[in-house]
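Novice: After the structure tokens below, expect a handful of questions from me.
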Amino acid sequence: MAAKRWKEIPIGGTITEAGNAKEFKTGSWRVMRPIHDKNKCTSCMLCWLYCPDQAILQTQGHMDGINYDYCKGCGLCSSVCPAKAIEMKAETEFLE
Amino acid sequence: MVTVAEKMRAKQALTGAEAVAHAMRQIEPHVVAAYPITPQTPIVEYFAQFVADGLVKTEMIPVESEHSAMSAVVGAAASGARAMTATSANGLALMHEVVYITASMRLPVVMPVVNRALSGPINIHCDHSDSMAERDSGWIQLYAENNQEAYELTILAVRLAESEEVRLPVMVCLDGFILSHGVEPVEIYPDDQVKNFVGEAKPYYPLLDTSHPVTYGPIDLYDYYFEHKRQQIEGMKGAKRLFPAIAQEFEKAFGKRYDFVERYRTDDADCVIVALGSTNSTIKYAVDWMREEGQKVGLLKLWTFRPFPKEEIRKALDGKKAVVVLDRAASFGAEAPLYEAVKSSLYNAAHRPAMGSYIYGLGGRDIRPEDIRKAADNALKGELNADEQMYLGLRE
């Protein structure tokens, strides 16, 4: 999303549309990336319960992976996972 | 058109505080949150009486500090209400954090500021150190010469603050005790005329409009804060642009003409004195006195300090022999605030006048016509040094 000029935004810092936090992709802050191993995962959903950014993707109680647009890489999911199905890897490993 | 007889009837002997309270009664804001502080107290005291007597429907919130007063006013204004408060000196200083936020959130709050010296040492009397400390807070600042002006500027301020191009809060500054507690004849305009002039508040993204939810005061970092500050600068430019039109409407409604500046006998003057507030009346007296003796002295009174009327000042002072600026506040380690701004306005003048800066009246020290005369005499004798800080009424 291109940053807007001063004439293009509401005055006073007011945000005039509700629910737009999702447009702010906080995933770019991440230093460590959680990698989900489907084979080890039991879909116990502890990661979903603990994730402070609601970045665990799920469909009807089934763990589908991680939403990297919002995951800040805190590692809570990896640390609470009883099946050790989430491994934290440095973002530098994924640089192209 | 009102007749002279009606005007005479409308005149009442009022203190500045009571006159301002009447302006607030006629404006009838939805919310007033205030905390007492000398010499502002009688404004909210009178206003609270109006509320208690059922003359206004205003929600009056007695709070536990000025920080809370301004915070409550911010909340009310963001919700879409017309909100007011009033304060002085240390009360204004305690508000400071929220004073800055009010302007930054573009909330059109109107606040009479009864000018009083900031502590310490503790002092309750008039100087402009309190409002000058808020010079860069983003508020429009108007200064009244007398009680009539304090009353009228409070009414005018509502329109200026709430204009779409402006959306900035306004301080209406009146000199503590000299105006707030001094009794003068004041013409109070009919309620319906004032109500008609200020009109209905036009809320801008009100929080109480729950079908259009909005967020006020979110975190605003390096990606947008700068843009929002630029908008505030534009809001102040809007105030500069719009003020003449609002003043014109005011004149049409009430017959009193306001401008950025008042030029008093300046046209052929060799020396012009510049000042803010009630001292302008004393200067007018001194000017008349010197004029009787054939000395070409004039006065340039500022009604607006923010936005600062640079062009109007340059127009009035370009080509004069000498300009003397009287400041009722000091800026420690730099030039006095009004002097600095007036001097800077003349940078591009075709013929720069000689300039002199006098600090006077700190902590309520009296200023007499003789003091003003002394300053003007020095200027006419060509004894001004633009870099020297001089004082009036100080025991040197």
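All residue names refer to the structure tokens as shown: chains lettered A, B, ... in order, residues numbered from 1 in each chain, ligands numbered from 1 in order.
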Counting only C-alpha atoms, collect the residues of chain A whose closest atom lies at most 6 Å from chain B, and write them out as a list of chain:residue names.
Specialist: A:Trp6, A:Gly12, A:Thr14, A:Ile15, A:Thr16, A:Glu17, A:Ala18
Novice: Using only C-alpha atoms, determine which residues lie at most 12 Å from segment 373-379 of chain B, disregarding the query and same-chain residues fewer than 5 positions distant; provide the list as a ChimeraX atom specification.
Specialist: /B:269-274,282-291,293,295-299,320-326,353-360,367-368,384-386,390-393
Novice: What gap, in Å, lies between atom CA of His22 of chain B and atom CA of Met236 of chain B?
Specialist: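 Interatomic distance here is 27.5 Å.
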Novice: Skipping near chain neighbours, those fewer than 4 positions away, what residues fall within 7 Å of Ile35 of chain A using only C-alpha atoms, listed as a ChimeraX atom specification?
Specialist: /A:86-88
Novice: Quick one: pick out all helix (DSSP H, G or I) residues within segment 217-339 of chain B from a backbone DSSP run and write them as a ChimeraX atom specification.
Specialist: /B:225-254,279-292,310-317,337-339
Novice: Pick out each residue of chain A that DSSP on the backbone tags as strand (DSSP E); I need them as a list of chain:residue names.
Specialist: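 These are the residues in question: A:Met32, A:Arg33, A:Pro34, A:Ile35, A:His36, A:Ile56, A:Leu57, A:Gln58, A:Thr59, A:His62, A:Met63, A:Asp64, A:Gly65, A:Ile66, A:Ile86, A:Glu87, A:Met88, A:Lys89, A:Ala90.
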Novice: Would you save the residues of that selection, restricted to N, CA and C atoms, as a PDB file, in the first residue's frame?
Specialist:
ATOM      1  N   MET A  32      12.393 -14.061  13.047  1.00  0.00           N
ATOM      2  CA  MET A  32      12.384 -15.530  13.036  1.00  0.00           C
ATOM      3  C   MET A  32      11.075 -16.005  12.405  1.00  0.00           C
ATOM      4  N   ARG A  33      11.147 -17.004  11.521  1.00  0.00           N
ATOM      5  CA  ARG A  33       9.933 -17.473  10.832  1.00  0.00           C
ATOM      6  C   ARG A  33       9.524 -18.863  11.348  1.00  0.00           C
ATOM      7  N   PRO A  34       8.270 -19.021  11.786  1.00  0.00           N
ATOM      8  CA  PRO A  34       7.828 -20.358  12.209  1.00  0.00           C
ATOM      9  C   PRO A  34       7.540 -21.223  10.975  1.00  0.00           C
ATOM     10  N   ILE A  35       8.070 -22.446  10.986  1.00  0.00           N
ATOM     11  CA  ILE A  35       7.818 -23.370   9.874  1.00  0.00           C
ATOM     12  C   ILE A  35       6.981 -24.530  10.418  1.00  0.00           C
ATOM     13  N   HIS A  36       5.836 -24.723   9.798  1.00  0.00           N
ATOM     14  CA  HIS A  36       4.864 -25.707  10.277  1.00  0.00           C
ATOM     15  C   HIS A  36       5.095 -27.043   9.563  1.00  0.00           C
ATOM     16  N   ILE A  56      -2.493 -17.822  13.113  1.00  0.00           N
ATOM     17  CA  ILE A  56      -2.573 -19.262  12.820  1.00  0.00           C
ATOM     18  C   ILE A  56      -3.818 -19.485  11.946  1.00  0.00           C
ATOM     19  N   LEU A  57      -3.593 -20.057  10.779  1.00  0.00           N
ATOM     20  CA  LEU A  57      -4.711 -20.310   9.859  1.00  0.00           C
ATOM     21  C   LEU A  57      -5.353 -21.640  10.244  1.00  0.00           C
ATOM     22  N   GLN A  58      -6.700 -21.648  10.246  1.00  0.00           N
ATOM     23  CA  GLN A  58      -7.384 -22.903  10.591  1.00  0.00           C
ATOM     24  C   GLN A  58      -8.714 -22.998   9.865  1.00  0.00           C
ATOM     25  N   THR A  59      -9.137 -24.229   9.611  1.00  0.00           N
ATOM     26  CA  THR A  59     -10.471 -24.472   9.072  1.00  0.00           C
ATOM     27  C   THR A  59     -11.144 -25.498   9.964  1.00  0.00           C
ATOM     28  N   HIS A  62      -8.950 -27.436  12.169  1.00  0.00           N
ATOM     29  CA  HIS A  62      -7.774 -28.059  11.546  1.00  0.00           C
ATOM     30  C   HIS A  62      -6.724 -27.004  11.278  1.00  0.00           C
ATOM     31  N   MET A  63      -5.498 -27.224  11.809  1.00  0.00           N
ATOM     32  CA  MET A  63      -4.405 -26.259  11.650  1.00  0.00           C
ATOM     33  C   MET A  63      -3.913 -26.274  10.193  1.00  0.00           C
ATOM     34  N   ASP A  64      -4.008 -25.085   9.531  1.00  0.00           N
ATOM     35  CA  ASP A  64      -3.679 -25.006   8.099  1.00  0.00           C
ATOM     36  C   ASP A  64      -2.334 -24.358   7.812  1.00  0.00           C
ATOM     37  N   GLY A  65      -1.680 -23.850   8.861  1.00  0.00           N
ATOM     38  CA  GLY A  65      -0.407 -23.172   8.604  1.00  0.00           C
ATOM     39  C   GLY A  65      -0.407 -21.786   9.216  1.00  0.00           C
ATOM     40  N   ILE A  66       0.496 -20.944   8.755  1.00  0.00           N
ATOM     41  CA  ILE A  66       0.698 -19.642   9.393  1.00  0.00           C
ATOM     42  C   ILE A  66       0.521 -18.515   8.383  1.00  0.00           C
ATOM     43  N   ILE A  86       6.399 -27.004  15.079  1.00  0.00           N
ATOM     44  CA  ILE A  86       6.693 -25.668  14.553  1.00  0.00           C
ATOM     45  C   ILE A  86       8.138 -25.326  14.894  1.00  0.00           C
ATOM     46  N   GLU A  87       8.931 -25.134  13.856  1.00  0.00           N
ATOM     47  CA  GLU A  87      10.350 -24.839  14.053  1.00  0.00           C
ATOM     48  C   GLU A  87      10.590 -23.380  13.669  1.00  0.00           C
ATOM     49  N   MET A  88      11.372 -22.666  14.500  1.00  0.00           N
ATOM     50  CA  MET A  88      11.676 -21.267  14.197  1.00  0.00           C
ATOM     51  C   MET A  88      12.970 -21.205  13.405  1.00  0.00           C
ATOM     52  N   LYS A  89      12.902 -20.542  12.248  1.00  0.00           N
ATOM     53  CA  LYS A  89      14.099 -20.410  11.415  1.00  0.00           C
ATOM     54  C   LYS A  89      14.358 -18.933  11.155  1.00  0.00           C
ATOM     55  N   ALA A  90      15.616 -18.579  11.040  1.00  0.00           N
ATOM     56  CA  ALA A  90      15.962 -17.175  10.805  1.00  0.00           C
ATOM     57  C   ALA A  90      15.436 -16.727   9.438  1.00  0.00           C
TER      58      ALA A  90
END
Novice: Would you mind listing what lies within 10 Å of Glu311 of chain B as an MDAnalysis selection string, with only C-alpha atoms counted and same-chain residues fewer than 6 positions away left out?
Specialist: chainID B and resid 317 345:346 349
Novice: Write out as a VMD selection string the residues lying within 10 Å of Met132 of chain B, counting only C-alpha atoms and excluding same-chain residues fewer than 3 positions away.
Specialist: chain B and resid 115 127 to 129 135 to 137 141 305 328 to 331 336 to 338
Novice: Once you have the residues from the selection above, write them out as a PDB file, in the first residue's frame, restricted to C-alpha atoms.
Specialist:
ATOM      1  CA  ASN B 115      -3.369  35.664  31.462  1.00  0.00           C
ATOM      2  CA  ASP B 127       1.645  38.676  32.340  1.00  0.00           C
ATOM      3  CA  HIS B 128       1.666  36.628  29.157  1.00  0.00           C
ATOM      4  CA  SER B 129       4.114  33.898  30.172  1.00  0.00           C
ATOM      5  CA  ARG B 135       2.646  29.572  21.472  1.00  0.00           C
ATOM      6  CA  ASP B 136       3.672  26.480  19.510  1.00  0.00           C
ATOM      7  CA  SER B 137       0.890  24.177  20.706  1.00  0.00           C
ATOM      8  CA  GLN B 141      -4.430  32.832  19.920  1.00  0.00           C
ATOM      9  CA  PHE B 305      -0.881  36.261  17.620  1.00  0.00           C
ATOM     10  CA  ARG B 328       4.675  40.995  28.673  1.00  0.00           C
ATOM     11  CA  ALA B 329       6.748  37.790  28.666  1.00  0.00           C
ATOM     12  CA  ALA B 330      10.394  36.865  28.400  1.00  0.00           C
ATOM     13  CA  SER B 331      12.017  34.104  26.389  1.00  0.00           C
ATOM     14  CA  ALA B 336      11.109  38.307  23.712  1.00  0.00           C
ATOM     15  CA  PRO B 337       8.418  36.370  21.787  1.00  0.00           C
ATOM     16  CA  LEU B 338       6.438  39.224  20.220  1.00  0.00           C
TER      17      LEU B 338
END
Novice: By how many Å are atom CA of Val109 of chain B and atom CA of His125 of chain B apart?
Specialist: 25.4 Å
Novice: Just the number, please: distance in Å from atom CA of Val113 of chain B to atom CA of Glu251 of chain B, one decimal.
Specialist: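 Rounded to one decimal, the two atoms are 23.8 Å apart.
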Novice: Which one of B:Ala52, B:Ile37, B:Val158, B:Leu207 sits closest to Val74 of chain B if you count only C-alpha atoms?
Specialist: B:Leu207
Novice: Residues at most 8 Å from Cys77 of chain A, counting only C-alpha atoms, excluding those fewer than 5 positions away in the same chain, as JSON, numbers by chain?
Specialist: {"A": [34, 46, 47, 48, 50, 51, 86]}
Novice: When you look at Ala55 of chain A with a cut-off of 6 Å (counting only C-alpha atoms), what residues show up, excluding the ones that are within fewer than 4 positions of it in the same chain? I need them as a tab-separated table (two decimals) with N, CA and C atoms, in the first residue's frame.
Specialist:
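The resulting file, result.tsv, is reproduced below:
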chain	number	residue	atom	x	y	z
A	66	ILE	N	0.50	-20.94	8.75
A	66	ILE	CA	0.70	-19.64	9.39
A	66	ILE	C	0.52	-18.51	8.38
A	67	ASN	N	-0.15	-17.45	8.83
A	67	ASN	CA	-0.34	-16.28	7.97
A	67	ASN	C	0.85	-15.33	8.16
A	70	TYR	N	0.91	-11.38	8.95
A	70	TYR	CA	0.74	-10.79	10.29
A	70	TYR	C	1.64	-11.41	11.35
A	71	CYS	N	2.18	-12.60	11.10
A	71	CYS	CA	3.04	-13.26	12.09
A	71	CYS	C	4.29	-12.41	12.30
Novice: So which one's closest to Arg352 of chain B, B:Pro206, B:Lys11, B:Glu340, B:Lys315? Using only C-alpha atoms, please.
Specialist: B:Lys315
Novice: Kindly indicate which residue among B:Ile140, B:Asp371, B:Arg395, B:Gly182 lies nearest to Pro309 of chain B, using only C-alpha atoms for the distances.
Specialist: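 Checking each candidate against Pro309 of chain B, we get B:Ile140 as the closest.
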